[in-house]
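Here is the file run_38.txt (compact mmCIF, N, CA and C atoms).
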```
# COMPACT_ATOMS: atom_id res chain seq x y z
N MET A 19 -20.88 -32.49 -64.10
CA MET A 19 -21.38 -31.66 -63.03
C MET A 19 -22.18 -32.49 -62.02
N ASP A 20 -22.86 -33.55 -62.53
CA ASP A 20 -23.59 -34.42 -61.60
C ASP A 20 -22.63 -35.06 -60.60
N ALA A 21 -21.44 -35.42 -61.09
CA ALA A 21 -20.45 -36.05 -60.21
C ALA A 21 -20.07 -35.12 -59.08
N LEU A 22 -19.86 -33.86 -59.38
CA LEU A 22 -19.49 -32.90 -58.34
C LEU A 22 -20.67 -32.63 -57.40
N SER A 23 -21.86 -32.60 -57.95
CA SER A 23 -23.04 -32.40 -57.11
C SER A 23 -23.21 -33.57 -56.15
N ASP A 24 -23.04 -34.80 -56.62
CA ASP A 24 -23.14 -35.98 -55.76
C ASP A 24 -22.05 -35.96 -54.68
N TYR A 25 -20.85 -35.56 -55.08
CA TYR A 25 -19.73 -35.48 -54.14
C TYR A 25 -20.06 -34.46 -53.03
N ARG A 26 -20.54 -33.30 -53.44
CA ARG A 26 -20.89 -32.25 -52.48
C ARG A 26 -21.98 -32.73 -51.52
N THR A 27 -22.97 -33.41 -52.03
CA THR A 27 -24.06 -33.93 -51.19
C THR A 27 -23.51 -34.91 -50.15
N ALA A 28 -22.62 -35.79 -50.57
CA ALA A 28 -22.04 -36.77 -49.64
C ALA A 28 -21.21 -36.07 -48.57
N VAL A 29 -20.45 -35.04 -48.95
CA VAL A 29 -19.64 -34.29 -47.98
C VAL A 29 -20.56 -33.58 -46.98
N LYS A 30 -21.63 -33.00 -47.47
CA LYS A 30 -22.57 -32.31 -46.58
C LYS A 30 -23.20 -33.28 -45.59
N LYS A 31 -23.52 -34.50 -46.03
CA LYS A 31 -24.12 -35.47 -45.12
C LYS A 31 -23.13 -35.88 -44.03
N ILE A 32 -21.89 -36.05 -44.40
CA ILE A 32 -20.87 -36.41 -43.41
C ILE A 32 -20.69 -35.25 -42.44
N ALA A 33 -20.59 -34.04 -42.96
CA ALA A 33 -20.39 -32.86 -42.10
C ALA A 33 -21.60 -32.64 -41.20
N GLY A 34 -22.79 -32.92 -41.70
CA GLY A 34 -24.00 -32.73 -40.92
C GLY A 34 -24.21 -33.76 -39.84
N SER A 35 -23.47 -34.86 -39.90
CA SER A 35 -23.63 -35.91 -38.90
C SER A 35 -23.08 -35.50 -37.54
N GLY A 36 -22.31 -34.40 -37.51
CA GLY A 36 -21.77 -33.91 -36.24
C GLY A 36 -20.42 -34.50 -35.90
N ASP A 37 -20.13 -35.68 -36.38
CA ASP A 37 -18.84 -36.32 -36.10
C ASP A 37 -18.07 -36.40 -37.41
N ILE A 38 -17.32 -35.34 -37.71
CA ILE A 38 -16.61 -35.28 -38.98
C ILE A 38 -15.34 -36.11 -38.87
N ASN A 39 -15.25 -37.09 -39.75
CA ASN A 39 -14.09 -37.97 -39.79
C ASN A 39 -13.30 -37.62 -41.05
N LYS A 40 -12.09 -37.11 -40.87
CA LYS A 40 -11.28 -36.69 -42.02
C LYS A 40 -11.04 -37.85 -42.98
N LYS A 41 -10.89 -39.04 -42.45
CA LYS A 41 -10.65 -40.21 -43.30
C LYS A 41 -11.80 -40.40 -44.29
N ASP A 42 -13.02 -40.22 -43.81
CA ASP A 42 -14.18 -40.38 -44.70
C ASP A 42 -14.15 -39.37 -45.83
N LEU A 43 -13.74 -38.15 -45.52
CA LEU A 43 -13.66 -37.12 -46.56
C LEU A 43 -12.59 -37.47 -47.59
N PHE A 44 -11.47 -38.01 -47.12
CA PHE A 44 -10.43 -38.43 -48.05
C PHE A 44 -10.89 -39.60 -48.91
N VAL A 45 -11.63 -40.52 -48.32
CA VAL A 45 -12.16 -41.65 -49.09
C VAL A 45 -13.07 -41.14 -50.20
N LEU A 46 -13.96 -40.21 -49.87
CA LEU A 46 -14.85 -39.64 -50.88
C LEU A 46 -14.06 -38.94 -51.99
N SER A 47 -13.05 -38.17 -51.59
CA SER A 47 -12.23 -37.46 -52.57
C SER A 47 -11.47 -38.43 -53.46
N ASP A 48 -10.95 -39.49 -52.87
CA ASP A 48 -10.23 -40.49 -53.67
C ASP A 48 -11.16 -41.18 -54.66
N LYS A 49 -12.40 -41.47 -54.23
CA LYS A 49 -13.35 -42.10 -55.15
C LYS A 49 -13.70 -41.16 -56.30
N LEU A 50 -13.83 -39.88 -56.01
CA LEU A 50 -14.10 -38.91 -57.07
C LEU A 50 -12.94 -38.91 -58.06
N ARG A 51 -11.73 -38.86 -57.55
CA ARG A 51 -10.53 -38.84 -58.40
C ARG A 51 -10.35 -40.14 -59.17
N ASP A 52 -10.53 -41.29 -58.50
CA ASP A 52 -10.19 -42.58 -59.10
C ASP A 52 -11.31 -43.23 -59.90
N ASP A 53 -12.56 -42.98 -59.53
CA ASP A 53 -13.66 -43.70 -60.16
C ASP A 53 -14.60 -42.81 -60.97
N VAL A 54 -14.93 -41.65 -60.45
CA VAL A 54 -15.96 -40.83 -61.08
C VAL A 54 -15.40 -39.98 -62.22
N LEU A 55 -14.38 -39.18 -61.93
CA LEU A 55 -13.85 -38.28 -62.95
C LEU A 55 -13.28 -38.99 -64.17
N PRO A 56 -12.58 -40.12 -64.02
CA PRO A 56 -12.07 -40.80 -65.21
C PRO A 56 -13.17 -41.20 -66.20
N LYS A 57 -14.35 -41.50 -65.70
CA LYS A 57 -15.45 -41.88 -66.58
C LYS A 57 -15.93 -40.69 -67.42
N THR A 58 -15.61 -39.49 -66.97
CA THR A 58 -15.98 -38.29 -67.73
C THR A 58 -14.83 -37.78 -68.59
N GLY A 59 -13.70 -38.49 -68.59
CA GLY A 59 -12.56 -38.08 -69.40
C GLY A 59 -11.64 -37.10 -68.69
N VAL A 60 -11.73 -37.03 -67.38
CA VAL A 60 -10.87 -36.13 -66.60
C VAL A 60 -9.96 -36.97 -65.72
N LEU A 61 -8.67 -36.73 -65.85
CA LEU A 61 -7.69 -37.43 -65.03
C LEU A 61 -7.11 -36.43 -64.03
N LEU A 62 -7.35 -36.65 -62.75
CA LEU A 62 -6.89 -35.78 -61.68
C LEU A 62 -5.72 -36.48 -61.00
N LYS A 63 -4.58 -35.78 -60.93
CA LYS A 63 -3.38 -36.37 -60.33
C LYS A 63 -3.00 -35.62 -59.07
N ASP A 64 -2.74 -36.39 -58.01
CA ASP A 64 -2.19 -35.81 -56.78
C ASP A 64 -0.70 -35.62 -56.98
N ASN A 65 -0.18 -34.51 -56.51
CA ASN A 65 1.24 -34.21 -56.66
C ASN A 65 1.89 -33.96 -55.30
N GLY A 66 1.57 -34.80 -54.35
CA GLY A 66 2.16 -34.66 -53.02
C GLY A 66 1.73 -33.36 -52.38
N ASP A 67 2.71 -32.56 -51.96
CA ASP A 67 2.40 -31.28 -51.31
C ASP A 67 2.07 -30.19 -52.33
N ASP A 68 2.39 -30.43 -53.60
CA ASP A 68 2.08 -29.45 -54.64
C ASP A 68 0.61 -29.56 -55.02
N PRO A 69 0.06 -28.52 -55.65
CA PRO A 69 -1.34 -28.59 -56.07
C PRO A 69 -1.58 -29.75 -57.06
N SER A 70 -2.77 -30.28 -57.00
CA SER A 70 -3.15 -31.35 -57.92
C SER A 70 -3.26 -30.78 -59.32
N THR A 71 -3.06 -31.65 -60.31
CA THR A 71 -3.21 -31.23 -61.71
C THR A 71 -4.25 -32.12 -62.37
N TRP A 72 -4.82 -31.63 -63.47
CA TRP A 72 -5.81 -32.42 -64.18
C TRP A 72 -5.58 -32.29 -65.67
N ASN A 73 -6.04 -33.31 -66.40
CA ASN A 73 -5.93 -33.34 -67.86
C ASN A 73 -7.17 -34.00 -68.42
N TYR A 74 -7.53 -33.58 -69.62
CA TYR A 74 -8.55 -34.33 -70.36
C TYR A 74 -7.86 -35.52 -70.98
N VAL A 75 -8.51 -36.67 -70.95
CA VAL A 75 -7.96 -37.89 -71.53
C VAL A 75 -9.06 -38.60 -72.31
N ASP A 76 -8.66 -39.57 -73.10
CA ASP A 76 -9.61 -40.34 -73.88
C ASP A 76 -10.41 -41.25 -72.93
N PRO A 77 -11.71 -41.00 -72.80
CA PRO A 77 -12.51 -41.82 -71.88
C PRO A 77 -12.50 -43.30 -72.24
N GLU A 78 -12.40 -43.63 -73.53
CA GLU A 78 -12.39 -45.04 -73.93
C GLU A 78 -11.13 -45.73 -73.44
N GLU A 79 -10.00 -45.04 -73.56
CA GLU A 79 -8.74 -45.62 -73.07
C GLU A 79 -8.79 -45.81 -71.56
N LEU A 80 -9.32 -44.80 -70.87
CA LEU A 80 -9.46 -44.93 -69.42
C LEU A 80 -10.42 -46.06 -69.06
N ALA A 81 -11.48 -46.21 -69.84
CA ALA A 81 -12.43 -47.28 -69.59
C ALA A 81 -11.76 -48.64 -69.73
N ARG A 82 -10.90 -48.79 -70.72
CA ARG A 82 -10.17 -50.07 -70.89
C ARG A 82 -9.26 -50.33 -69.68
N GLU A 83 -8.55 -49.29 -69.26
CA GLU A 83 -7.67 -49.44 -68.11
C GLU A 83 -8.47 -49.78 -66.84
N MET A 84 -9.62 -49.11 -66.70
CA MET A 84 -10.46 -49.39 -65.53
C MET A 84 -11.03 -50.80 -65.59
N ALA A 85 -11.37 -51.28 -66.79
CA ALA A 85 -11.89 -52.64 -66.95
C ALA A 85 -10.83 -53.66 -66.53
N GLN A 86 -9.59 -53.41 -66.92
CA GLN A 86 -8.50 -54.31 -66.53
C GLN A 86 -8.34 -54.31 -65.02
N ALA A 87 -8.41 -53.13 -64.42
CA ALA A 87 -8.29 -53.04 -62.96
C ALA A 87 -9.46 -53.74 -62.28
N GLU A 88 -10.65 -53.62 -62.86
CA GLU A 88 -11.84 -54.27 -62.31
C GLU A 88 -11.71 -55.80 -62.37
N GLU A 89 -11.15 -56.31 -63.45
CA GLU A 89 -10.92 -57.75 -63.57
C GLU A 89 -10.00 -58.25 -62.48
N ALA A 90 -8.96 -57.48 -62.22
CA ALA A 90 -8.03 -57.85 -61.15
C ALA A 90 -8.74 -57.83 -59.79
N LYS A 91 -9.62 -56.85 -59.61
CA LYS A 91 -10.38 -56.74 -58.37
C LYS A 91 -11.33 -57.92 -58.20
N LYS A 92 -11.98 -58.33 -59.29
CA LYS A 92 -12.92 -59.45 -59.24
C LYS A 92 -12.23 -60.75 -58.86
N ALA A 93 -10.99 -60.89 -59.27
CA ALA A 93 -10.26 -62.11 -58.95
C ALA A 93 -10.09 -62.27 -57.45
N THR A 94 -9.94 -61.16 -56.74
CA THR A 94 -9.78 -61.23 -55.29
C THR A 94 -11.09 -61.08 -54.55
N LYS A 95 -12.13 -60.56 -55.22
CA LYS A 95 -13.41 -60.31 -54.56
C LYS A 95 -14.23 -61.57 -54.38
N GLY A 96 -13.91 -62.63 -55.07
CA GLY A 96 -14.69 -63.86 -54.98
C GLY A 96 -14.69 -64.49 -53.60
N LYS A 97 -13.83 -64.03 -52.74
CA LYS A 97 -13.78 -64.56 -51.38
C LYS A 97 -14.95 -64.03 -50.57
N ALA A 98 -15.44 -64.82 -49.65
CA ALA A 98 -16.58 -64.43 -48.83
C ALA A 98 -16.23 -63.25 -47.93
N LEU A 99 -17.21 -62.39 -47.70
CA LEU A 99 -17.01 -61.27 -46.79
C LEU A 99 -16.99 -61.78 -45.37
N THR A 100 -16.04 -61.29 -44.60
CA THR A 100 -15.95 -61.65 -43.19
C THR A 100 -15.54 -60.42 -42.40
N GLY A 101 -15.74 -60.49 -41.12
CA GLY A 101 -15.28 -59.46 -40.21
C GLY A 101 -15.73 -58.07 -40.56
N LYS A 102 -14.76 -57.14 -40.63
CA LYS A 102 -15.04 -55.72 -40.88
C LYS A 102 -15.74 -55.51 -42.21
N ALA A 103 -15.34 -56.21 -43.26
CA ALA A 103 -15.97 -56.03 -44.57
C ALA A 103 -17.44 -56.40 -44.52
N LEU A 104 -17.78 -57.44 -43.79
CA LEU A 104 -19.17 -57.84 -43.65
C LEU A 104 -19.96 -56.80 -42.87
N LYS A 105 -19.39 -56.30 -41.79
CA LYS A 105 -20.07 -55.26 -41.00
C LYS A 105 -20.28 -54.00 -41.85
N ASP A 106 -19.25 -53.59 -42.59
CA ASP A 106 -19.35 -52.38 -43.39
C ASP A 106 -20.37 -52.50 -44.52
N SER A 107 -20.63 -53.71 -44.98
CA SER A 107 -21.56 -53.90 -46.09
C SER A 107 -22.99 -54.17 -45.63
N THR A 108 -23.21 -54.25 -44.32
CA THR A 108 -24.55 -54.52 -43.80
C THR A 108 -25.36 -53.23 -43.75
N PRO A 109 -26.58 -53.22 -44.30
CA PRO A 109 -27.43 -52.02 -44.25
C PRO A 109 -27.68 -51.60 -42.80
N PRO A 110 -27.73 -50.30 -42.52
CA PRO A 110 -27.93 -49.84 -41.14
C PRO A 110 -29.16 -50.43 -40.47
N SER A 111 -30.26 -50.56 -41.20
CA SER A 111 -31.49 -51.06 -40.58
C SER A 111 -31.39 -52.53 -40.17
N GLU A 112 -30.41 -53.25 -40.71
CA GLU A 112 -30.23 -54.67 -40.39
C GLU A 112 -29.04 -54.92 -39.46
N PHE A 113 -28.28 -53.87 -39.17
CA PHE A 113 -27.02 -54.02 -38.44
C PHE A 113 -27.17 -54.76 -37.12
N PHE A 114 -28.06 -54.29 -36.25
CA PHE A 114 -28.19 -54.92 -34.93
C PHE A 114 -28.87 -56.28 -35.02
N LYS A 115 -29.68 -56.49 -36.04
CA LYS A 115 -30.33 -57.78 -36.20
C LYS A 115 -29.31 -58.86 -36.58
N VAL A 116 -28.29 -58.45 -37.32
CA VAL A 116 -27.26 -59.40 -37.76
C VAL A 116 -26.15 -59.54 -36.71
N PHE A 117 -25.75 -58.42 -36.09
CA PHE A 117 -24.60 -58.42 -35.18
C PHE A 117 -25.01 -58.14 -33.73
N ASN A 118 -26.02 -58.80 -33.22
CA ASN A 118 -26.45 -58.50 -31.85
C ASN A 118 -26.16 -59.63 -30.87
N ASP A 119 -25.46 -60.64 -31.26
CA ASP A 119 -25.14 -61.81 -30.45
C ASP A 119 -26.36 -62.32 -29.68
N LYS A 120 -27.54 -62.15 -30.28
CA LYS A 120 -28.82 -62.62 -29.74
C LYS A 120 -29.18 -61.97 -28.40
N SER A 121 -28.58 -60.80 -28.11
CA SER A 121 -28.88 -60.09 -26.87
C SER A 121 -30.19 -59.33 -26.94
N TYR A 122 -30.67 -59.05 -28.15
CA TYR A 122 -31.88 -58.25 -28.32
C TYR A 122 -32.93 -59.04 -29.08
N THR A 123 -34.19 -58.79 -28.72
CA THR A 123 -35.28 -59.52 -29.35
C THR A 123 -36.24 -58.64 -30.12
N GLN A 124 -36.28 -57.33 -29.79
CA GLN A 124 -37.19 -56.42 -30.48
C GLN A 124 -36.41 -55.19 -30.94
N PHE A 125 -36.86 -54.63 -32.07
CA PHE A 125 -36.17 -53.51 -32.68
C PHE A 125 -37.19 -52.46 -33.11
N ASP A 126 -36.78 -51.18 -33.11
CA ASP A 126 -37.69 -50.13 -33.59
C ASP A 126 -37.63 -50.06 -35.12
N ASP A 127 -38.34 -49.09 -35.70
CA ASP A 127 -38.43 -48.98 -37.15
C ASP A 127 -37.07 -48.71 -37.81
N ASN A 128 -36.13 -48.11 -37.07
CA ASN A 128 -34.81 -47.83 -37.62
C ASN A 128 -33.83 -48.99 -37.44
N GLY A 129 -34.26 -50.03 -36.73
CA GLY A 129 -33.39 -51.17 -36.52
C GLY A 129 -32.64 -51.12 -35.20
N VAL A 130 -32.93 -50.13 -34.35
CA VAL A 130 -32.27 -50.02 -33.05
C VAL A 130 -32.98 -50.95 -32.07
N PRO A 131 -32.21 -51.74 -31.31
CA PRO A 131 -32.82 -52.65 -30.34
C PRO A 131 -33.63 -51.90 -29.28
N THR A 132 -34.78 -52.45 -28.92
CA THR A 132 -35.62 -51.83 -27.89
C THR A 132 -35.77 -52.72 -26.65
N HIS A 133 -35.61 -54.04 -26.83
CA HIS A 133 -35.78 -54.96 -25.70
C HIS A 133 -34.66 -56.00 -25.72
N ASN A 134 -34.19 -56.34 -24.51
CA ASN A 134 -33.15 -57.37 -24.44
C ASN A 134 -33.78 -58.76 -24.43
N ILE A 135 -32.95 -59.77 -24.25
CA ILE A 135 -33.41 -61.16 -24.35
C ILE A 135 -34.44 -61.50 -23.27
N ARG A 136 -34.43 -60.78 -22.15
CA ARG A 136 -35.40 -61.01 -21.08
C ARG A 136 -36.66 -60.16 -21.27
N GLU A 137 -36.79 -59.57 -22.48
CA GLU A 137 -37.93 -58.73 -22.84
C GLU A 137 -38.00 -57.46 -22.00
N VAL A 138 -36.86 -57.03 -21.43
CA VAL A 138 -36.80 -55.80 -20.65
C VAL A 138 -36.41 -54.67 -21.60
N LYS A 139 -37.17 -53.58 -21.53
CA LYS A 139 -36.88 -52.43 -22.39
C LYS A 139 -35.55 -51.83 -21.99
N LYS A 140 -34.75 -51.47 -22.98
CA LYS A 140 -33.42 -50.93 -22.71
C LYS A 140 -33.52 -49.56 -22.06
N GLY A 141 -32.50 -49.21 -21.27
CA GLY A 141 -32.46 -47.91 -20.61
C GLY A 141 -32.01 -46.81 -21.57
N ALA A 142 -32.16 -45.56 -21.16
CA ALA A 142 -31.83 -44.40 -22.00
C ALA A 142 -30.34 -44.37 -22.36
N ASP A 143 -29.47 -44.67 -21.39
CA ASP A 143 -28.03 -44.64 -21.67
C ASP A 143 -27.65 -45.67 -22.73
N LYS A 144 -28.16 -46.87 -22.58
CA LYS A 144 -27.88 -47.94 -23.54
C LYS A 144 -28.48 -47.59 -24.90
N GLY A 145 -29.67 -46.99 -24.89
CA GLY A 145 -30.32 -46.59 -26.14
C GLY A 145 -29.49 -45.57 -26.89
N LYS A 146 -28.93 -44.60 -26.18
CA LYS A 146 -28.10 -43.57 -26.82
C LYS A 146 -26.85 -44.19 -27.44
N LYS A 147 -26.24 -45.12 -26.72
CA LYS A 147 -25.04 -45.79 -27.23
C LYS A 147 -25.38 -46.57 -28.51
N LEU A 148 -26.50 -47.26 -28.50
CA LEU A 148 -26.91 -48.04 -29.68
C LEU A 148 -27.24 -47.12 -30.85
N GLU A 149 -27.87 -45.98 -30.57
CA GLU A 149 -28.19 -45.03 -31.64
C GLU A 149 -26.92 -44.45 -32.25
N LEU A 150 -25.91 -44.19 -31.42
CA LEU A 150 -24.62 -43.70 -31.94
C LEU A 150 -23.96 -44.76 -32.82
N GLU A 151 -24.05 -46.00 -32.40
CA GLU A 151 -23.48 -47.10 -33.19
C GLU A 151 -24.21 -47.22 -34.53
N LEU A 152 -25.53 -47.06 -34.51
CA LEU A 152 -26.30 -47.10 -35.75
C LEU A 152 -25.95 -45.91 -36.64
N SER A 153 -25.74 -44.75 -36.05
CA SER A 153 -25.36 -43.56 -36.81
C SER A 153 -24.02 -43.79 -37.53
N GLU A 154 -23.10 -44.44 -36.86
CA GLU A 154 -21.81 -44.78 -37.47
C GLU A 154 -22.01 -45.73 -38.65
N GLN A 155 -22.90 -46.70 -38.50
CA GLN A 155 -23.18 -47.64 -39.59
C GLN A 155 -23.84 -46.91 -40.77
N GLU A 156 -24.71 -45.95 -40.48
CA GLU A 156 -25.34 -45.16 -41.55
C GLU A 156 -24.29 -44.35 -42.31
N ARG A 157 -23.32 -43.80 -41.59
CA ARG A 157 -22.23 -43.03 -42.21
C ARG A 157 -21.44 -43.93 -43.15
N LYS A 158 -21.12 -45.12 -42.70
CA LYS A 158 -20.39 -46.07 -43.54
C LYS A 158 -21.21 -46.45 -44.77
N SER A 159 -22.51 -46.58 -44.57
CA SER A 159 -23.39 -46.92 -45.68
C SER A 159 -23.42 -45.82 -46.73
N LEU A 160 -23.41 -44.55 -46.28
CA LEU A 160 -23.37 -43.43 -47.22
C LEU A 160 -22.09 -43.46 -48.05
N ILE A 161 -20.99 -43.73 -47.39
CA ILE A 161 -19.71 -43.79 -48.10
C ILE A 161 -19.73 -44.93 -49.10
N LYS A 162 -20.24 -46.08 -48.69
CA LYS A 162 -20.31 -47.23 -49.59
C LYS A 162 -21.21 -46.93 -50.77
N ALA A 163 -22.32 -46.25 -50.55
CA ALA A 163 -23.24 -45.90 -51.65
C ALA A 163 -22.56 -44.95 -52.62
N TYR A 164 -21.75 -44.03 -52.12
CA TYR A 164 -21.07 -43.10 -53.01
C TYR A 164 -19.99 -43.82 -53.82
N GLU A 165 -19.40 -44.86 -53.23
CA GLU A 165 -18.35 -45.60 -53.94
C GLU A 165 -18.87 -46.30 -55.18
N LYS A 166 -20.16 -46.63 -55.22
CA LYS A 166 -20.72 -47.36 -56.34
C LYS A 166 -20.85 -46.53 -57.54
```

Here is the file; what I need is its structure written in the form of structure tokens.
Amino acid sequence: MDALSDYRTAVKKIAGSGDINKKDLFVLSDKLRDDVLPKTGVLLKDNGDDPSTWNYVDPEELAREMAQAEEAKKATKGKALTGKALKDSTPPSEFFKVFNDKSYTQFDDNGVPTHNIREVKKGADKGKKLELELSEQERKSLIKAYEK
């Protein structure tokens, strides 16, 4: 039941952000199906256009299968994060500090830039754009936290 409660909370946060992205909801649902429910002994199968089905299974057997899959994942994960993966894994409060191409020198408590390199305070339009970008990073961070 905790798994479903956590799933519901994550869906509510995405829906409450105002910009509902269907892909994010599918990612959350896939994580529930692939990672969370198997640990409880529930195997949920997608059946294309037909309704999904579920079965109780031996959690130990599923754990062994998941361990094998995790080993395969670790073999490819040893590579350094670059590009999109690095951006997606950066905490929202550090996002502009890491990816600002040195255009900003001061940041507010949330990590949003407040002054450019010439120490000029940013305008309202630019501030709104940066806040939207930070909101997107926070959304990605929520999804990443749920994946764990």

Going by DSSP on the backbone, which bits of stretch 38-148 of chain A are strand (DSSP E)? Write them as a JSON list (two decimals) with N, CA and C atoms, in the coordinates of the input, please.
```
[["chain", "number", "residue", "atom", "x", "y", "z"],
["A", 60, "VAL", "N", -11.73, -37.03, -67.38],
["A", 60, "VAL", "CA", -10.87, -36.13, -66.60],
["A", 60, "VAL", "C", -9.96, -36.97, -65.72],
["A", 61, "LEU", "N", -8.67, -36.73, -65.85],
["A", 61, "LEU", "CA", -7.69, -37.43, -65.03],
["A", 61, "LEU", "C", -7.11, -36.43, -64.03],
["A", 62, "LEU", "N", -7.35, -36.65, -62.75],
["A", 62, "LEU", "CA", -6.89, -35.78, -61.68],
["A", 62, "LEU", "C", -5.72, -36.48, -61.00],
["A", 63, "LYS", "N", -4.58, -35.78, -60.93],
["A", 63, "LYS", "CA", -3.38, -36.37, -60.33],
["A", 63, "LYS", "C", -3.00, -35.62, -59.07],
["A", 64, "ASP", "N", -2.74, -36.39, -58.01],
["A", 64, "ASP", "CA", -2.19, -35.81, -56.78],
["A", 64, "ASP", "C", -0.70, -35.62, -56.98],
["A", 65, "ASN", "N", -0.18, -34.51, -56.51],
["A", 65, "ASN", "CA", 1.24, -34.21, -56.66],
["A", 65, "ASN", "C", 1.89, -33.96, -55.30],
["A", 68, "ASP", "N", 2.39, -30.43, -53.60],
["A", 68, "ASP", "CA", 2.08, -29.45, -54.64],
["A", 68, "ASP", "C", 0.61, -29.56, -55.02],
["A", 69, "PRO", "N", 0.06, -28.52, -55.65],
["A", 69, "PRO", "CA", -1.34, -28.59, -56.07],
["A", 69, "PRO", "C", -1.58, -29.75, -57.06],
["A", 70, "SER", "N", -2.77, -30.28, -57.00],
["A", 70, "SER", "CA", -3.15, -31.35, -57.92],
["A", 70, "SER", "C", -3.26, -30.78, -59.32],
["A", 71, "THR", "N", -3.06, -31.65, -60.31],
["A", 71, "THR", "CA", -3.21, -31.23, -61.71],
["A", 71, "THR", "C", -4.25, -32.12, -62.37],
["A", 72, "TRP", "N", -4.82, -31.63, -63.47],
["A", 72, "TRP", "CA", -5.81, -32.42, -64.18],
["A", 72, "TRP", "C", -5.58, -32.29, -65.67],
["A", 73, "ASN", "N", -6.04, -33.31, -66.40],
["A", 73, "ASN", "CA", -5.93, -33.34, -67.86],
["A", 73, "ASN", "C", -7.17, -34.00, -68.42],
["A", 74, "TYR", "N", -7.53, -33.58, -69.62],
["A", 74, "TYR", "CA", -8.55, -34.33, -70.36],
["A", 74, "TYR", "C", -7.86, -35.52, -70.98],
["A", 122, "TYR", "N", -30.67, -59.05, -28.15],
["A", 122, "TYR", "CA", -31.88, -58.25, -28.32],
["A", 122, "TYR", "C", -32.93, -59.04, -29.08],
["A", 123, "THR", "N", -34.19, -58.79, -28.72],
["A", 123, "THR", "CA", -35.28, -59.52, -29.35],
["A", 123, "THR", "C", -36.24, -58.64, -30.12],
["A", 124, "GLN", "N", -36.28, -57.33, -29.79],
["A", 124, "GLN", "CA", -37.19, -56.42, -30.48],
["A", 124, "GLN", "C", -36.41, -55.19, -30.94],
["A", 125, "PHE", "N", -36.86, -54.63, -32.07],
["A", 125, "PHE", "CA", -36.17, -53.51, -32.68],
["A", 125, "PHE", "C", -37.19, -52.46, -33.11],
["A", 131, "PRO", "N", -32.21, -51.74, -31.31],
["A", 131, "PRO", "CA", -32.82, -52.65, -30.34],
["A", 131, "PRO", "C", -33.63, -51.90, -29.28],
["A", 132, "THR", "N", -34.78, -52.45, -28.92],
["A", 132, "THR", "CA", -35.62, -51.83, -27.89],
["A", 132, "THR", "C", -35.77, -52.72, -26.65],
["A", 133, "HIS", "N", -35.61, -54.04, -26.83],
["A", 133, "HIS", "CA", -35.78, -54.96, -25.70],
["A", 133, "HIS", "C", -34.66, -56.00, -25.72],
["A", 134, "ASN", "N", -34.19, -56.34, -24.51],
["A", 134, "ASN", "CA", -33.15, -57.37, -24.44],
["A", 134, "ASN", "C", -33.78, -58.76, -24.43]]
```

| request: Compute the distance from (-32.5, -55.7, -28.1) to each atom, counting only C-alpha atoms, keep the residues with any atom at most 6 Å away, and return them as a ChimeraX atom specification; use the coordinates of the file. | output: /A:121-124,131-134

| request: Please measure the separation of atom CA of A:Val60 and atom CA of A:Tyr74, giving the value in Å to one decimal. | output: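 Spanning atom CA of A:Val60 to atom CA of A:Tyr74 is a straight-line distance of 4.8 Å.
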
| query | Interatomic distance between atom CA of A:Tyr25 and atom CA of A:Ala90? | reply |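 Going from atom CA of A:Tyr25 over to atom CA of A:Ala90 covers 26.2 Å.
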
| query | Could you state the separation of atom CA of A:Pro110 and atom N of A:Ile135 in Å, given to one decimal place? | reply |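 A separation of 20.2 Å between them.
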
| said: Considering only C-alpha atoms, can you say which of A:Glu149, A:Asp24, A:Asp64, A:Asp127 comes closest to A:Asp52? | reply: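 Looking at the shortest contact to A:Asp52, the residue is A:Asp64.
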
| field | Near-A:Gly59 list (6 Å; all atoms listed in the file; drop same-chain fewer than 4 positions) as a list in words | value |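 Skipping anything fewer than 4 positions along the chain leaves Leu55, Asn73, Tyr74, Val75, Asp76 and Pro77 of chain A.
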
| note | Judged by only N, CA and C atoms, the minimum distance to A:Ser159 among A:Gly34, A:Gly129, A:Pro56, A:Pro109 is found for A:Pro109

| task | Name all residues at most 8 Å from stretch 28-33 of chain A (count all atoms listed in the file; drop same-chain ones fewer than 5 positions away) and give them as a list in words. | result | Leu22, Ser23, Ile38, Asn39, Asp42, Leu43, Leu46, Arg157, Leu160, Ile161 and Tyr164 of chain A
